[in-house]
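Accompanying notes for the structure given below.
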Protein chains: 2
Amino acid sequence: MDTRAPAAESPWLPFESRRRARDEKREAVLRTAVQLFLEQGYHRATLNEVAERLNITKPALYNYFRGKDEILFECWAMGLELVETSTAAINAAGGSGLDKLRKMARAYGGLMATDFGASLVRFDVRDLGAKHRDIVLAGKKSIDRTFRGYITEGIADGSITPCDPKMTAFMIAGSLNWIGHWYKRDGTMTPEAIGETFAMQLTDGLAVRPPRKPRTTKQHTKR
Amino acid sequence: MDTRAPAAESPWLPFESRRRARDEKREAVLRTAVQLFLEQGYHRATLNEVAERLNITKPALYNYFRGKDEILFECWAMGLELVETSTAAINAAGGSGLDKLRKMARAYGGLMATDFGASLVRFDVRDLGAKHRDIVLAGKKSIDRTFRGYITEGIADGSITPCDPKMTAFMIAGSLNWIGHWYKRDGTMTPEAIGETFAMQLTDGLAVRPPRKPRTTKQHTKR
DNA sequence: ACTTTTTATTACCCGTGGGTAATATACGGG
DNA sequence: CCCGTATATTACCCACGGGTAATAAAAAGT
């Protein structure tokens, strides 16, 4: 009667044979939800459709989450966790401030091309309850501090030219965050490649620097 | 009976003396709406509250707009118009690709600190009807083309070091777009100052360049 | 095999908010 | 002064979707 193929990879096979572990299912809900939220936007996405994609019905979701906003929060939590893992590795590896900043740009930029990574910038904290919102805001603040930290560190150790760490962090994080808004899987560039490109260009600059003798700045005579 | 002070500057004085021109009112609706949309997010903001802030009632809004989504669209239209005005001025002024890119960064960055400017990046095109959505997407595409154009121009005229214009445009526009997400009026920096800072740093780079003789890249021996 | 617990289903509630119909009030012109 | 038009108001509709209660079916325990 219903000949639709089952959604990609749901632990709930269309009928019966449901015996996987609880955590696996919870995670599956999350994966499906984050996808739908990104696809349609949090408010347009309905729990009914999340459930449908998993071959279950809406109330079943309430076995794993207290409500829609908790699912949203968990998406954020996943993203934050990924970032923390990255920063931990970077801090452990050591190096100059510039080194760390570049590694961070690469890692963070790559994350922005993943579902849970994009969650960090595509969703709205105002959709969360006060409690969860505070947690997320703290996480975001921590990320910001990390960026600023690497920059001040870099200025101190001479690997980065003096600048306002706050503004520069906003600038770099902003351009990386934006990846979460435009990146589509169909693109030719892999997330890592994008992260790499951004990391280099953000820290390398654009303007041509006159190698030594700056020829009088305006010599673009012919048109 | 109702002793509340009338909202800031509404053409509708609490009772009577409503005779201002239609366009003025339409614009007032727009200004109030965009503020509320930014404050609370499009979906949480209600037309009832928009109306309330203007000392009128919801159905009165329908004298000026066909629906909520049309109001949203007009916010976008305002923002797009502002950008177009800027680019027109920049193109008229001429200069090298780098010059134009810097001017654009300054102008666009400043716009991101305004309500209608922020509309361009804080709202979701998926909230629009197909027709309006297409218009907005076309506008965004045009902005992207402008950035890319200045970059390719700059590469051609030698003011910008060779790079992938697409990626670089994403990078610069991204960091500027992000201003629309974090800028708050209470900050110490004026929008123009931010635009200026970003314009310079984005095009100047961060990494210390060894003035001439690069001393063997790793000399951060002590700690 | 029986009971208990977990997990799912069906059926429903109901708050919210965009949108509309019917109506009233003000304004401008003849 | 009266009428037509523009603009506002009150009162309402109703679709949508998050959330819940009651119940059934399956797993797990003994």
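Ordering of the structure tokens sets the chain letters (A, B, ...), residue numbers begin anew at 1 in every chain, and ligands are numbered from 1 in the order given.
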Near DG28 (chain C), counting only C-alpha atoms (C1' of nucleotides), which residues have an atom at most 12 Å away, once you skip same-chain residues fewer than 3 positions from it, shown as a ChimeraX atom specification? /B:19 /D:2-6
For the selection you just gave me, I'd like the residues written to a file as a PDB file, in the first residue's frame, keeping N, CA and C atoms (P, O5', C5', C4', C3', O3' and C1' of nucleotides).
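After the write, again_0.pdb holds the following:
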```
ATOM      1  N   ARG B  19      -3.389  62.201   9.484  1.00  0.00           N
ATOM      2  CA  ARG B  19      -3.618  62.689   8.134  1.00  0.00           C
ATOM      3  C   ARG B  19      -2.350  62.751   7.308  1.00  0.00           C
TER       4      ARG B  19
ATOM      5  P    DC D   2     -27.469  66.806   5.957  1.00  0.00           P
ATOM      6  O5'  DC D   2     -27.049  65.942   4.696  1.00  0.00           O
ATOM      7  C5'  DC D   2     -27.116  66.527   3.389  1.00  0.00           C
ATOM      8  C4'  DC D   2     -26.256  65.714   2.435  1.00  0.00           C
ATOM      9  C3'  DC D   2     -26.152  64.219   2.776  1.00  0.00           C
ATOM     10  O3'  DC D   2     -26.262  63.476   1.588  1.00  0.00           O
ATOM     11  C1'  DC D   2     -23.996  65.142   2.636  1.00  0.00           C
ATOM     12  P    DC D   3     -26.635  61.934   1.620  1.00  0.00           P
ATOM     13  O5'  DC D   3     -25.626  61.323   0.545  1.00  0.00           O
ATOM     14  C5'  DC D   3     -25.228  62.135  -0.579  1.00  0.00           C
ATOM     15  C4'  DC D   3     -23.790  61.781  -0.953  1.00  0.00           C
ATOM     16  C3'  DC D   3     -23.475  60.282  -0.840  1.00  0.00           C
ATOM     17  O3'  DC D   3     -22.824  59.873  -2.026  1.00  0.00           O
ATOM     18  C1'  DC D   3     -21.855  61.543   0.315  1.00  0.00           C
ATOM     19  P    DG D   4     -22.740  58.335  -2.416  1.00  0.00           P
ATOM     20  O5'  DG D   4     -21.172  58.207  -2.707  1.00  0.00           O
ATOM     21  C5'  DG D   4     -20.538  59.142  -3.587  1.00  0.00           C
ATOM     22  C4'  DG D   4     -19.027  59.078  -3.379  1.00  0.00           C
ATOM     23  C3'  DG D   4     -18.473  57.651  -3.356  1.00  0.00           C
ATOM     24  O3'  DG D   4     -17.261  57.638  -4.102  1.00  0.00           O
ATOM     25  C1'  DG D   4     -17.941  58.754  -1.322  1.00  0.00           C
ATOM     26  P    DT D   5     -16.609  56.288  -4.521  1.00  0.00           P
ATOM     27  O5'  DT D   5     -15.229  56.367  -3.726  1.00  0.00           O
ATOM     28  C5'  DT D   5     -14.478  57.596  -3.742  1.00  0.00           C
ATOM     29  C4'  DT D   5     -13.473  57.586  -2.615  1.00  0.00           C
ATOM     30  C3'  DT D   5     -12.728  56.255  -2.425  1.00  0.00           C
ATOM     31  O3'  DT D   5     -11.341  56.504  -2.476  1.00  0.00           O
ATOM     32  C1'  DT D   5     -13.557  57.066  -0.347  1.00  0.00           C
ATOM     33  P    DA D   6     -10.313  55.330  -2.485  1.00  0.00           P
ATOM     34  O5'  DA D   6      -9.581  55.581  -1.083  1.00  0.00           O
ATOM     35  C5'  DA D   6      -9.214  56.912  -0.729  1.00  0.00           C
ATOM     36  C4'  DA D   6      -8.810  56.966   0.728  1.00  0.00           C
ATOM     37  C3'  DA D   6      -7.886  55.832   1.179  1.00  0.00           C
ATOM     38  O3'  DA D   6      -6.867  56.388   2.002  1.00  0.00           O
ATOM     39  C1'  DA D   6      -9.827  55.873   2.536  1.00  0.00           C
TER      40       DA D   6
END
```
Let's see if you can do this: from backbone DSSP, list all helix (DSSP H, G or I) residues in region 1-221 of chain A, as a PDB file with C-alpha atoms, in the first residue's frame.
```pdb
ATOM      1  CA  ARG A  22      18.516   3.546  22.786  1.00  0.00           C
ATOM      2  CA  ASP A  23      21.433   5.853  22.199  1.00  0.00           C
ATOM      3  CA  GLU A  24      21.708   4.851  18.609  1.00  0.00           C
ATOM      4  CA  LYS A  25      18.104   5.804  18.051  1.00  0.00           C
ATOM      5  CA  ARG A  26      18.469   9.067  19.885  1.00  0.00           C
ATOM      6  CA  GLU A  27      21.367   9.908  17.657  1.00  0.00           C
ATOM      7  CA  ALA A  28      19.441   8.948  14.560  1.00  0.00           C
ATOM      8  CA  VAL A  29      16.671  11.312  15.564  1.00  0.00           C
ATOM      9  CA  LEU A  30      19.230  14.035  15.970  1.00  0.00           C
ATOM     10  CA  ARG A  31      20.831  13.431  12.616  1.00  0.00           C
ATOM     11  CA  THR A  32      17.499  13.497  10.850  1.00  0.00           C
ATOM     12  CA  ALA A  33      16.304  16.522  12.757  1.00  0.00           C
ATOM     13  CA  VAL A  34      19.380  18.619  12.136  1.00  0.00           C
ATOM     14  CA  GLN A  35      19.163  17.824   8.459  1.00  0.00           C
ATOM     15  CA  LEU A  36      15.549  18.873   8.286  1.00  0.00           C
ATOM     16  CA  PHE A  37      16.120  21.958  10.384  1.00  0.00           C
ATOM     17  CA  LEU A  38      18.873  23.070   8.060  1.00  0.00           C
ATOM     18  CA  GLU A  39      16.865  22.198   4.996  1.00  0.00           C
ATOM     19  CA  GLN A  40      13.667  23.969   5.898  1.00  0.00           C
ATOM     20  CA  LEU A  47       8.253  17.047  14.251  1.00  0.00           C
ATOM     21  CA  ASN A  48       5.796  15.083  12.193  1.00  0.00           C
ATOM     22  CA  GLU A  49       8.155  15.168   9.258  1.00  0.00           C
ATOM     23  CA  VAL A  50      11.157  14.315  11.383  1.00  0.00           C
ATOM     24  CA  ALA A  51       9.263  11.288  12.614  1.00  0.00           C
ATOM     25  CA  GLU A  52       8.052  10.378   9.175  1.00  0.00           C
ATOM     26  CA  ARG A  53      11.591  10.295   7.840  1.00  0.00           C
ATOM     27  CA  LYS A  58       5.648  12.074  16.341  1.00  0.00           C
ATOM     28  CA  PRO A  59       4.869  10.959  19.883  1.00  0.00           C
ATOM     29  CA  ALA A  60       7.595   8.351  19.644  1.00  0.00           C
ATOM     30  CA  LEU A  61      10.123  11.155  19.526  1.00  0.00           C
ATOM     31  CA  LYS A  68      11.318  20.316  19.848  1.00  0.00           C
ATOM     32  CA  ASP A  69      13.550  22.887  21.492  1.00  0.00           C
ATOM     33  CA  GLU A  70      15.523  20.217  23.280  1.00  0.00           C
ATOM     34  CA  ILE A  71      16.280  18.574  19.956  1.00  0.00           C
ATOM     35  CA  LEU A  72      17.475  21.927  18.732  1.00  0.00           C
ATOM     36  CA  PHE A  73      19.657  22.315  21.769  1.00  0.00           C
ATOM     37  CA  GLU A  74      21.232  18.925  21.256  1.00  0.00           C
ATOM     38  CA  CYS A  75      22.185  19.910  17.731  1.00  0.00           C
ATOM     39  CA  TRP A  76      24.041  22.812  19.206  1.00  0.00           C
ATOM     40  CA  ALA A  77      25.629  20.668  21.849  1.00  0.00           C
ATOM     41  CA  MET A  78      26.955  18.346  19.175  1.00  0.00           C
ATOM     42  CA  GLY A  79      28.452  21.241  17.282  1.00  0.00           C
ATOM     43  CA  LEU A  80      30.038  22.723  20.363  1.00  0.00           C
ATOM     44  CA  GLU A  81      31.531  19.378  21.232  1.00  0.00           C
ATOM     45  CA  LEU A  82      33.120  19.098  17.818  1.00  0.00           C
ATOM     46  CA  VAL A  83      34.686  22.515  18.184  1.00  0.00           C
ATOM     47  CA  GLU A  84      35.977  21.759  21.637  1.00  0.00           C
ATOM     48  CA  THR A  85      37.600  18.593  20.384  1.00  0.00           C
ATOM     49  CA  SER A  86      39.369  20.575  17.693  1.00  0.00           C
ATOM     50  CA  THR A  87      40.626  23.278  20.004  1.00  0.00           C
ATOM     51  CA  ALA A  88      41.830  20.718  22.489  1.00  0.00           C
ATOM     52  CA  ALA A  89      43.928  19.071  19.794  1.00  0.00           C
ATOM     53  CA  ILE A  90      45.283  22.404  18.635  1.00  0.00           C
ATOM     54  CA  ASN A  91      46.223  23.483  22.123  1.00  0.00           C
ATOM     55  CA  ALA A  92      47.889  20.153  22.739  1.00  0.00           C
ATOM     56  CA  ALA A  93      49.979  20.452  19.586  1.00  0.00           C
ATOM     57  CA  GLY A  97      49.856  31.949  17.823  1.00  0.00           C
ATOM     58  CA  LEU A  98      49.688  32.157  14.072  1.00  0.00           C
ATOM     59  CA  ASP A  99      50.108  28.410  13.756  1.00  0.00           C
ATOM     60  CA  LYS A 100      47.252  27.799  16.131  1.00  0.00           C
ATOM     61  CA  LEU A 101      45.071  30.372  14.454  1.00  0.00           C
ATOM     62  CA  ARG A 102      45.615  28.746  11.101  1.00  0.00           C
ATOM     63  CA  LYS A 103      44.875  25.307  12.428  1.00  0.00           C
ATOM     64  CA  MET A 104      41.784  26.656  14.071  1.00  0.00           C
ATOM     65  CA  ALA A 105      40.613  28.301  10.869  1.00  0.00           C
ATOM     66  CA  ARG A 106      41.140  25.073   8.988  1.00  0.00           C
ATOM     67  CA  ALA A 107      39.322  22.956  11.539  1.00  0.00           C
ATOM     68  CA  TYR A 108      36.507  25.381  12.237  1.00  0.00           C
ATOM     69  CA  GLY A 109      36.002  26.110   8.565  1.00  0.00           C
ATOM     70  CA  GLY A 110      35.751  22.419   7.870  1.00  0.00           C
ATOM     71  CA  LEU A 111      33.227  21.994  10.654  1.00  0.00           C
ATOM     72  CA  ASP A 115      25.430  19.545   9.704  1.00  0.00           C
ATOM     73  CA  PHE A 116      26.186  19.900  13.390  1.00  0.00           C
ATOM     74  CA  GLY A 117      28.858  22.466  12.702  1.00  0.00           C
ATOM     75  CA  ALA A 118      26.489  24.599  10.675  1.00  0.00           C
ATOM     76  CA  SER A 119      24.017  24.343  13.543  1.00  0.00           C
ATOM     77  CA  LEU A 120      26.226  26.730  15.445  1.00  0.00           C
ATOM     78  CA  VAL A 121      25.504  29.547  13.032  1.00  0.00           C
ATOM     79  CA  ARG A 122      22.274  28.658  11.253  1.00  0.00           C
ATOM     80  CA  VAL A 125      19.437  30.892  20.260  1.00  0.00           C
ATOM     81  CA  ARG A 126      16.148  32.654  20.912  1.00  0.00           C
ATOM     82  CA  ASP A 127      14.371  29.428  20.039  1.00  0.00           C
ATOM     83  CA  ALA A 130      16.532  30.275  29.012  1.00  0.00           C
ATOM     84  CA  LYS A 131      18.584  27.471  30.501  1.00  0.00           C
ATOM     85  CA  HIS A 132      19.728  25.936  27.256  1.00  0.00           C
ATOM     86  CA  ARG A 133      20.237  29.338  25.734  1.00  0.00           C
ATOM     87  CA  ASP A 134      22.696  30.259  28.448  1.00  0.00           C
ATOM     88  CA  ILE A 135      24.691  27.119  27.835  1.00  0.00           C
ATOM     89  CA  VAL A 136      24.901  27.773  24.120  1.00  0.00           C
ATOM     90  CA  LEU A 137      25.819  31.402  24.598  1.00  0.00           C
ATOM     91  CA  ALA A 138      28.576  30.346  26.955  1.00  0.00           C
ATOM     92  CA  GLY A 139      29.843  27.941  24.334  1.00  0.00           C
ATOM     93  CA  LYS A 140      29.854  30.613  21.667  1.00  0.00           C
ATOM     94  CA  LYS A 141      31.644  32.976  23.969  1.00  0.00           C
ATOM     95  CA  SER A 142      34.237  30.322  24.595  1.00  0.00           C
ATOM     96  CA  ILE A 143      34.847  29.910  20.873  1.00  0.00           C
ATOM     97  CA  ASP A 144      35.261  33.632  20.534  1.00  0.00           C
ATOM     98  CA  ARG A 145      37.735  33.639  23.400  1.00  0.00           C
ATOM     99  CA  THR A 146      39.706  30.901  21.707  1.00  0.00           C
ATOM    100  CA  PHE A 147      40.065  32.907  18.522  1.00  0.00           C
ATOM    101  CA  ARG A 148      41.011  36.034  20.426  1.00  0.00           C
ATOM    102  CA  GLY A 149      43.417  34.056  22.541  1.00  0.00           C
ATOM    103  CA  TYR A 150      45.319  32.705  19.558  1.00  0.00           C
ATOM    104  CA  ILE A 151      45.521  36.200  18.127  1.00  0.00           C
ATOM    105  CA  THR A 152      46.844  37.871  21.278  1.00  0.00           C
ATOM    106  CA  GLU A 153      49.208  34.982  21.658  1.00  0.00           C
ATOM    107  CA  GLY A 154      50.378  35.488  18.116  1.00  0.00           C
ATOM    108  CA  ILE A 155      50.889  39.178  18.634  1.00  0.00           C
ATOM    109  CA  ALA A 156      52.895  38.457  21.761  1.00  0.00           C
ATOM    110  CA  ASP A 157      55.127  35.888  20.114  1.00  0.00           C
ATOM    111  CA  PRO A 165      42.169  41.026  18.695  1.00  0.00           C
ATOM    112  CA  LYS A 166      38.465  41.570  19.189  1.00  0.00           C
ATOM    113  CA  MET A 167      37.844  42.951  15.728  1.00  0.00           C
ATOM    114  CA  THR A 168      40.169  40.507  14.068  1.00  0.00           C
ATOM    115  CA  ALA A 169      38.523  37.577  15.785  1.00  0.00           C
ATOM    116  CA  PHE A 170      35.113  38.807  14.669  1.00  0.00           C
ATOM    117  CA  MET A 171      36.451  39.159  11.176  1.00  0.00           C
ATOM    118  CA  ILE A 172      37.981  35.723  10.898  1.00  0.00           C
ATOM    119  CA  ALA A 173      35.243  33.896  12.735  1.00  0.00           C
ATOM    120  CA  GLY A 174      32.688  35.771  10.661  1.00  0.00           C
ATOM    121  CA  SER A 175      34.096  34.705   7.348  1.00  0.00           C
ATOM    122  CA  LEU A 176      34.340  31.127   8.575  1.00  0.00           C
ATOM    123  CA  ASN A 177      30.854  31.182  10.049  1.00  0.00           C
ATOM    124  CA  TRP A 178      29.524  32.261   6.712  1.00  0.00           C
ATOM    125  CA  ILE A 179      30.661  28.997   5.214  1.00  0.00           C
ATOM    126  CA  GLY A 180      27.838  27.417   7.153  1.00  0.00           C
ATOM    127  CA  HIS A 181      25.439  29.524   5.131  1.00  0.00           C
ATOM    128  CA  TRP A 182      26.655  28.937   1.627  1.00  0.00           C
ATOM    129  CA  PRO A 191      35.335  21.303   3.344  1.00  0.00           C
ATOM    130  CA  GLU A 192      38.964  20.770   4.217  1.00  0.00           C
ATOM    131  CA  ALA A 193      40.115  22.542   1.088  1.00  0.00           C
ATOM    132  CA  ILE A 194      37.898  25.495   1.904  1.00  0.00           C
ATOM    133  CA  GLY A 195      39.156  25.606   5.458  1.00  0.00           C
ATOM    134  CA  GLU A 196      42.689  25.480   4.145  1.00  0.00           C
ATOM    135  CA  THR A 197      42.153  28.264   1.613  1.00  0.00           C
ATOM    136  CA  PHE A 198      40.465  30.491   4.148  1.00  0.00           C
ATOM    137  CA  ALA A 199      43.087  29.809   6.764  1.00  0.00           C
ATOM    138  CA  MET A 200      45.842  30.920   4.434  1.00  0.00           C
ATOM    139  CA  GLN A 201      44.142  33.912   2.889  1.00  0.00           C
ATOM    140  CA  LEU A 202      42.790  35.231   6.132  1.00  0.00           C
ATOM    141  CA  THR A 203      46.246  35.264   7.589  1.00  0.00           C
ATOM    142  CA  ASP A 204      48.130  36.189   4.483  1.00  0.00           C
TER     143      ASP A 204
END
```
Per-residue nearest contacts chain C to chain A, cut-off 8 Å, using only C-alpha atoms (C1' of nucleotides), as a Markdown table:
```
| residue | atom | partner | partner_atom | distance |
| --- | --- | --- | --- | --- |
| C:DT7 | C1' | A:Ala60 | CA | 7.5 |
| C:DA8 | C1' | A:Ala60 | CA | 6.0 |
| C:DT9 | C1' | A:Thr57 | CA | 7.6 |
```
Which chain D residues have any atom within 12 Å of an atom of chain A, and for each, what is the nearest pair of atoms with distance in Å to one decimal, counting only C-alpha atoms (C1' of nucleotides), rows sorted by chain and number, as a tab-separated table?
```
residue	atom	partner	partner_atom	distance
D:DC16	C1'	A:Thr46	CA	10.0
D:DG17	C1'	A:Thr46	CA	7.0
D:DG18	C1'	A:Lys68	CA	7.8
D:DG19	C1'	A:Gly67	CA	8.0
D:DT20	C1'	A:Pro59	CA	8.9
D:DA21	C1'	A:Pro59	CA	11.2
D:DA25	C1'	A:Glu16	CA	10.4
D:DA26	C1'	A:Glu16	CA	8.8
D:DA27	C1'	A:Arg19	CA	8.1
D:DA28	C1'	A:Arg19	CA	11.2
```
One number please: CA of Thr188 (chain B) to CA of Thr161 (chain A), in Å, one decimal.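 So the two atoms, CA of Thr188 (chain B) and CA of Thr161 (chain A), lie 23.1 Å apart.
For the residues B:Asn55, B:Gly129, B:Gly95, B:Thr190, ranking by smallest atom-to-atom distance to chain A using only C-alpha atoms places B:Gly95 first.
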Under the rule that only C-alpha atoms are counted, which of A:Phe65, A:Ser96, A:Thr114, A:Phe123 is the nearest residue to chain B? A:Ser96
Excluding same-chain residues fewer than 6 positions from DA22 (chain D), what lies within 12 Å of it counting only C-alpha atoms (C1' of nucleotides), as number ranges by chain? C: 9-12
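Between CA of Met189 (chain B) and CA of Asp164 (chain A) the separation is 12.1 Å.
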When you count only C-alpha atoms (C1' of nucleotides), which of these residues is closest to DT16 (chain C): D:DA15, D:DG29, D:DT9, D:DC1?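 Ranked by minimum distance to DT16 (chain C), first place goes to D:DA15.
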Would you mind reading off the distance between CA of Gly41 (chain A) and CA of Arg185 (chain B), one decimal, in Å? 27.6 Å
I need the residue nearest chain B from this list: A:Leu54, A:Asp124, A:Asp186, A:Ala21. Use only C-alpha atoms for the distance.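 Of the candidates, the smallest distance to chain B is held by A:Asp124.
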